[in-house]
Amino acid sequence: MKSPFPTRPGLLPRDAAGESWLAAVIAVLCFMACLAAVGAMAADRAARGWAGELRAEATVQVRPRVGETGPAAAARAAETLAGVDGVEEAVAMDRKTAEDLLRPWLGEAALPDLPLPFLVTVRLDRDAPASAVVLSRALAQAGLDASVDDHSLWRGEVEGAANLITALALAGFLLTAGAAGAAIVYATRAGMKAQSAVIETLSLSGATERGIAWLFQRRFGLLAAGAGLVGAGAAAALVAGLRALGGEGGLTAALPLAWSDALWLSPCPLLAATVALVAARIAVFGTLGGRRA
């Protein structure tokens, strides 16, 4: 069905109410919202990665019995644990490795005379890891005096911190996206106010409310879509650049980036345009309804 009047953008004054500046604001807010979304995804990815690493590892401290050396007890514990279901590898930690781990904290001077615990590092099956109870039972059956640390305490703290970072990033995204939506709504209402004479003229000329609404929907929908495309494109370029510079880790292990993150930003222009379309329609009908009243 043909529109009741021509819906060419030329019917509306160009750059009314500073639309170019509003488009710039929308582009910046969309850019920030996209970065916040990528930050939330990266934080969630980091949280799952840290938790997965901690779940896949355990540490065993072995206390040698009378007549048995520490290295021998640790080697026997590693051999015992290597045969347990859910364990991929168990390796006795030698003194040099233990000293290398402590050197950044204690320095060189104290290490030669420092009595170090005899440790076994255990790499668990990620799909079906052996529990600390199973490992402790196997060591006890082998006659070993040892304690198992499955990193559950550290894992809880790391997961809590990572979840907090994810929640903050998500909150930042929602706030920025809300600000972008508010800017789009403001742009639409500013256009309504600046062009109230145009709306009244079109209405008196016999144009229908739907036709007038479509004029503004098209105007501000295109404006928001273009600004959203610029903002999302800039964010995607930045994410791709950081991913390329950072290699596999994406610049930092704390917020690992992926190439797919840039693709997740593609709906931004469509979402911005949708908000503008809805806002324009509501604003036009509200303006015309107020005039009738």
# chains A, B, ... in the order shown; residues from 1 in each chain; ligands from 1
>>> residues_around(residues="stretch 16-30 of chain A", least_positions_apart="6", cutoff="12 Å", atoms="only C-alpha atoms", output="PyMOL selection string")
chain A and resi 36-37+172-196+198+216+219-236+265-273+275-276
>>> select_by_dssp(residues="stretch 102-240 of chain A", states="strand (DSSP E or B)", output="list in words")
Phe118, Leu119, Val120, Thr121, Val122, Arg123, Leu124, Asp145, Ala146, Ser147, Val148 and Asp149 of chain A
>>> closest_atom_pairs(of="stretch 72-113 of chain A", to="stretch 46-59 of chain A", cutoff="12 Å", atoms="only C-alpha atoms", output="Markdown table")
| residue | atom | partner | partner_atom | distance |
| --- | --- | --- | --- | --- |
| A:Ala74 | CA | A:Thr59 | CA | 11.5 |
| A:Ala77 | CA | A:Thr59 | CA | 11.3 |
| A:Ala78 | CA | A:Thr59 | CA | 10.7 |
| A:Leu81 | CA | A:Ala58 | CA | 11.0 |
| A:Gly86 | CA | A:Ala56 | CA | 9.8 |
| A:Val87 | CA | A:Ala56 | CA | 9.1 |
| A:Glu88 | CA | A:Ala56 | CA | 9.4 |
| A:Glu89 | CA | A:Glu57 | CA | 9.7 |
| A:Ala90 | CA | A:Ala58 | CA | 9.3 |
| A:Val91 | CA | A:Thr59 | CA | 9.9 |
| A:Ala92 | CA | A:Thr59 | CA | 10.0 |
| A:Met93 | CA | A:Thr59 | CA | 10.0 |
>>> residues_around(residues="A:Val134", least_positions_apart="3", cutoff="10 Å", atoms="only C-alpha atoms", output="PyMOL selection string")
chain A and resi 81+84-86+129-131+137-140+148
